[in-house]
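One structure is given here, and the rest of the page talks about it.
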Amino acid sequence: AAYEFTTLTCIPGTMKYKGARIQVLDLPGIIEGAADGKGRGRQVISTARTCNMILIILDSAKPVTHKKIIEQELHSFGIRINQKPPNIKLLKKDKGGIGYQEIVPQTKGMSGDAARLILKEYKISCAEVILREDVTVDQFIDMIEENRAYIPVLYVFNKIDALTIEELDILDQMPNYVPISSQHKWNLEELMEEIWSRCNMLRIYTKPKGQMPDYDEPVILHSEGNPTVEQFCNRLHKSIIAEFSHAFVWGRSAKHQPQRCGRDHILMDEDIVQICKKT
C-alpha cells in the first residue's frame with residue numbers, strides 16, 4: 001500500500017526454499033514506546049521473542065532513526081540483537097561468599113567489586129563467578145536475569161529502486177542488511193539465502209529401506225547444537241528412538257558411504273539417513 005502500518009494483526013505465511021517450508025509471521029509495525037504497551041507493542045514484541053530470526057523491514061528513503069527506535073524497543077523488551085549469550089558461569093552455593101575469577105582480562109567495566117555489588121542487588125550472597133570473555137556490566141546483568149532472548153536480526157531495506165548509486169553505496173556500509181525492491185522483485189533471492197544461512201538450518205533426507213531417498217520433503221534441523229541421529233529420530237516421532245538399533249548415513253558426515261552409526265552420530269547438511277529398528 002502507499003501508506004504505513006497496513007498490517008493490523010499477525011498474518012502467518014510459508015516460504016519454501018531449498019525444499020524446506022519456513023514459517024513467516026508478518027507482524028504489525030512497532031512505534032516508540034511499544035515495549036511499554038503503546039500500539040499493542042507488547043503483544044507484537046512478545047511474538048517476535050519466539051522466532052528463530054527477526055526481519056526488520058525499513059523504508060530506505062526514510063531516516064535511519066526509525067531503525068534506532070525499533071532496536072531500542074526490542075532491547076527494552078529483553079531481545080538482544082545479533083548477540084550471543086555471554087560466556088559467564090554463575091554457580092550458586094549455600095555458603096562461602098562470592099568467588100570471582102577472570103579467565104580473560106576485563107576492559108569493559110567488570111571487576112570483582114562490580115560483580116559483588118550486582119549480586120547483592122539480586123540477593124545472591126554465595127556464588128562462584130567465572131568470566132570466560134570480556135563482558136560489560138549490562139551483559140553480566142543479562143546473565144543473572146536469565147530471561148533474555150538472543151535472536152539474529154536482518155535489516156531489509158525496501159524501495160531501493162528510488163535510491164541513487166551514491167545512496168546505495170552509503171547503505172552498503174551497514175552490517176546485517178539486505179536491499180530489496182518488493183515492487184520490482186529485486187534481490188529477493190539473496191534475501192532468502194541470507195535467511196537460510198542465518199537460521200543455521202540443515203536438510204536431512206530420509207531413506208526407507210530398499211527405496212530411493214525422499215528429496216522432496218527434507219527434515220529440517222538446526223546446526224547450532226550439532227544435531228545427532230537421535231534428534232533426527234525425535235523430529236520424526238518420539239517413539240522411534242525407543243526401537244532404534246542403528247542408522248545408515250550417506251553424506252558429508254559419513255567416513256564411508258554408507259556408514260553404520262549410533263544415535264550420537266553428528267549429522268551435516270544434506271545427509272541421507274536410513275533408520276533400522278530392533279528386531
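All residue names refer to the C-alpha cells as shown: chains lettered A, B, ... in order, residues numbered from 1 in each chain, ligands numbered from 1 in order.
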Which residues come within 10 Å of His66 in chain A, counting only C-alpha atoms, excluding same-chain residues fewer than 5 positions away, as an MDAnalysis selection string?
chainID A and resid 31:32 58:59 71
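Using only C-alpha atoms, the protein and nucleic acid residues lying no more than 10 Å from Asp264 in chain A, apart from those fewer than 2 places from it along its own chain, are Pro227, Thr228, Val229, Glu230, Gln231, Cys261, Gly262, Ile266 and Leu267 of chain A.
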Among range 139-230 of chain A, which ones does DSSP place in helix (DSSP H, G or I), written as a count of residues only?
33
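Between Ala149 in chain A and the residues A:Ile275, A:Ile240, A:Leu74, A:Val64, the shortest atom-to-atom distance, using only C-alpha atoms, involves A:Leu74.
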Considering only C-alpha atoms, give me a table of residues in range 48-89 of chain A that are at most 12 Å from range 198-204 of chain A, with the closest atom pair and distance in Å for each, as a Markdown table.
| residue | atom | partner | partner_atom | distance |
| --- | --- | --- | --- | --- |
| A:Cys51 | CA | A:Cys199 | CA | 10.1 |
| A:Asn52 | CA | A:Cys199 | CA | 6.6 |
| A:Met53 | CA | A:Cys199 | CA | 6.7 |
| A:Ile54 | CA | A:Cys199 | CA | 10.1 |
| A:Leu55 | CA | A:Arg198 | CA | 11.2 |
| A:Asn82 | CA | A:Arg198 | CA | 10.2 |
Would you mind exporting C-alpha atoms of the selected residues as a short mmCIF file (atom, residue, chain, number, x, y, z; two decimals), in the first residue's frame?
data_model
loop_
_atom_site.label_atom_id
_atom_site.label_comp_id
_atom_site.auth_asym_id
_atom_site.auth_seq_id
_atom_site.Cartn_x
_atom_site.Cartn_y
_atom_site.Cartn_z
CA CYS A 51 11.10 -16.59 16.48
CA ASN A 52 14.39 -18.00 15.23
CA MET A 53 15.07 -14.79 13.32
CA ILE A 54 13.65 -11.28 13.03
CA LEU A 55 13.45 -9.30 9.79
CA ASN A 82 22.79 -10.19 16.79
#
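With only C-alpha atoms as the atoms that count, the residue of A:Asn187, A:Lys255, A:Lys18, A:Asp172 with the shortest distance to Asp269 in chain A is A:Lys18.
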Skip Val24 in chain A itself and residues of its chain fewer than 2 positions away, then list as a PyMOL selection string all residues within 6 Å of it, counting only C-alpha atoms.
chain A and resi 12-14
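If you measure from each of A:Gly99, A:Pro152, A:Gly225, A:Pro213 to Ser197 in chain A using only C-alpha atoms, the closest one turns out to be A:Pro152.
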Can you list, as JSON, numbers by chain, all residues belonging to range 62-212 of chain A that DSSP tags as strand (DSSP E or B)?
{"A": [79, 80, 81, 88, 89, 90, 91, 92, 98, 99, 100, 101, 102, 109, 127, 128, 129, 130, 131, 136, 149, 150, 151, 153, 154, 155, 156, 157, 158, 177, 178, 179, 181, 186, 201, 202, 203, 204, 205, 206]}
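Atom pair CA of Pro179 in chain A / CA of Asn158 in chain A: separated by 6.2 Å.
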For Lys277 in chain A, which residue among A:Ala34, A:Ile241, A:Leu131, A:Val249 is the nearest when counting only C-alpha atoms?
A:Ile241
Quick one: everything within 9 Å of Gly112 in chain A, counting only C-alpha atoms, minus sequence neighbours fewer than 5 positions away in the same chain. Send it as a PyMOL selection string.
chain A and resi 99-102+117
Dump as a compact mmCIF listing (two decimals), in the first residue's frame, selection limited to N, CA, C and O atoms:
# COMPACT_ATOMS: atom_id res chain seq x y z
N GLY A 99 32.84 -15.97 45.09
CA GLY A 99 34.12 -16.24 44.46
C GLY A 99 34.14 -15.65 43.07
O GLY A 99 33.15 -15.74 42.33
N TYR A 100 35.25 -15.01 42.69
CA TYR A 100 35.31 -14.29 41.40
C TYR A 100 36.59 -14.65 40.67
O TYR A 100 37.69 -14.56 41.23
N GLN A 101 36.43 -15.10 39.41
CA GLN A 101 37.59 -15.45 38.58
C GLN A 101 37.45 -14.82 37.20
O GLN A 101 36.36 -14.79 36.63
N GLU A 102 38.58 -14.34 36.66
CA GLU A 102 38.62 -13.82 35.30
C GLU A 102 39.55 -14.70 34.47
O GLU A 102 40.75 -14.76 34.75
N LEU A 117 28.62 -6.17 43.95
CA LEU A 117 27.54 -5.19 44.12
C LEU A 117 26.28 -5.60 43.37
O LEU A 117 25.17 -5.51 43.89
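Once Ile103 in chain A and its same-chain neighbours fewer than 5 positions away are set aside, A:Ile130, A:Leu131, A:Arg132, A:Glu133, A:Asp134 remain within 9 Å of it when counting only C-alpha atoms.
Proximity to Leu27 in chain A at 10 Å, evaluated using only C-alpha atoms and with sequence-adjacent residues fewer than 2 positions away removed, yields Phe5, Thr7, Leu8, Thr9, Cys10, Ile11, Pro12, Val24, Leu25, Gly29, Ile30, Gln43, Val44, Ile45, Thr47 and Ala48 of chain A.
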Write out as a PDB file with N, CA, C and O atoms, in the first residue's frame the residues lying within 12 Å of Ala162 in chain A, counting only C-alpha atoms and excluding same-chain residues fewer than 6 positions away.
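Final file, around-v6.pdb:
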ATOM      1  N   ASP A  59      12.058   1.430   5.267  1.00  0.00           N
ATOM      2  CA  ASP A  59      11.962   2.204   4.025  1.00  0.00           C
ATOM      3  C   ASP A  59      13.310   2.878   3.809  1.00  0.00           C
ATOM      4  O   ASP A  59      13.744   3.696   4.627  1.00  0.00           O
ATOM      5  N   SER A  60      13.985   2.526   2.730  1.00  0.00           N
ATOM      6  CA  SER A  60      15.336   3.054   2.504  1.00  0.00           C
ATOM      7  C   SER A  60      15.346   4.561   2.279  1.00  0.00           C
ATOM      8  O   SER A  60      16.405   5.198   2.386  1.00  0.00           O
ATOM      9  N   ALA A  61      14.187   5.151   1.983  1.00  0.00           N
ATOM     10  CA  ALA A  61      14.121   6.598   1.778  1.00  0.00           C
ATOM     11  C   ALA A  61      13.894   7.353   3.084  1.00  0.00           C
ATOM     12  O   ALA A  61      13.979   8.579   3.109  1.00  0.00           O
ATOM     13  N   LYS A  62      13.597   6.625   4.179  1.00  0.00           N
ATOM     14  CA  LYS A  62      13.327   7.269   5.462  1.00  0.00           C
ATOM     15  C   LYS A  62      14.611   7.354   6.302  1.00  0.00           C
ATOM     16  O   LYS A  62      15.573   6.615   6.051  1.00  0.00           O
ATOM     17  N   LEU A 168      23.053   4.103  -2.359  1.00  0.00           N
ATOM     18  CA  LEU A 168      23.213   2.661  -2.141  1.00  0.00           C
ATOM     19  C   LEU A 168      24.599   2.334  -1.587  1.00  0.00           C
ATOM     20  O   LEU A 168      24.746   1.433  -0.759  1.00  0.00           O
ATOM     21  N   PRO A 179      19.359  -5.125   0.715  1.00  0.00           N
ATOM     22  CA  PRO A 179      18.496  -4.183  -0.005  1.00  0.00           C
ATOM     23  C   PRO A 179      17.579  -4.927  -0.971  1.00  0.00           C
ATOM     24  O   PRO A 179      18.016  -5.849  -1.669  1.00  0.00           O
ATOM     25  N   ILE A 180      16.311  -4.543  -1.024  1.00  0.00           N
ATOM     26  CA  ILE A 180      15.363  -5.177  -1.942  1.00  0.00           C
ATOM     27  C   ILE A 180      14.426  -4.125  -2.519  1.00  0.00           C
ATOM     28  O   ILE A 180      14.379  -2.980  -2.057  1.00  0.00           O
ATOM     29  N   SER A 181      13.701  -4.528  -3.538  1.00  0.00           N
ATOM     30  CA  SER A 181      12.563  -3.758  -4.034  1.00  0.00           C
ATOM     31  C   SER A 181      11.412  -4.744  -4.191  1.00  0.00           C
ATOM     32  O   SER A 181      11.417  -5.574  -5.108  1.00  0.00           O
ATOM     33  N   SER A 182      10.445  -4.684  -3.286  1.00  0.00           N
ATOM     34  CA  SER A 182       9.315  -5.615  -3.354  1.00  0.00           C
ATOM     35  C   SER A 182       8.441  -5.353  -4.576  1.00  0.00           C
ATOM     36  O   SER A 182       7.825  -6.275  -5.114  1.00  0.00           O
ATOM     37  N   GLN A 183       8.411  -4.105  -5.014  1.00  0.00           N
ATOM     38  CA  GLN A 183       7.582  -3.772  -6.183  1.00  0.00           C
ATOM     39  C   GLN A 183       8.137  -4.402  -7.451  1.00  0.00           C
ATOM     40  O   GLN A 183       7.401  -4.972  -8.256  1.00  0.00           O
ATOM     41  N   HIS A 184       9.461  -4.329  -7.626  1.00  0.00           N
ATOM     42  CA  HIS A 184      10.097  -4.873  -8.836  1.00  0.00           C
ATOM     43  C   HIS A 184      10.672  -6.272  -8.610  1.00  0.00           C
ATOM     44  O   HIS A 184      11.269  -6.839  -9.535  1.00  0.00           O
TER      45      HIS A 184
END
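Across the model, the gap from CA of Asp142 in chain A to CA of Pro85 in chain A is 8.6 Å.
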Coordinates-based distance that separates CA of Ile151 in chain A from CA of Gln83 in chain A (Å, one decimal)
7.2 Å
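With only C-alpha atoms as the basis for measurement, A:Gly78 is the residue among A:Gly210, A:Pro28, A:Gly78, A:Gly251 that approaches Thr50 in chain A most closely.
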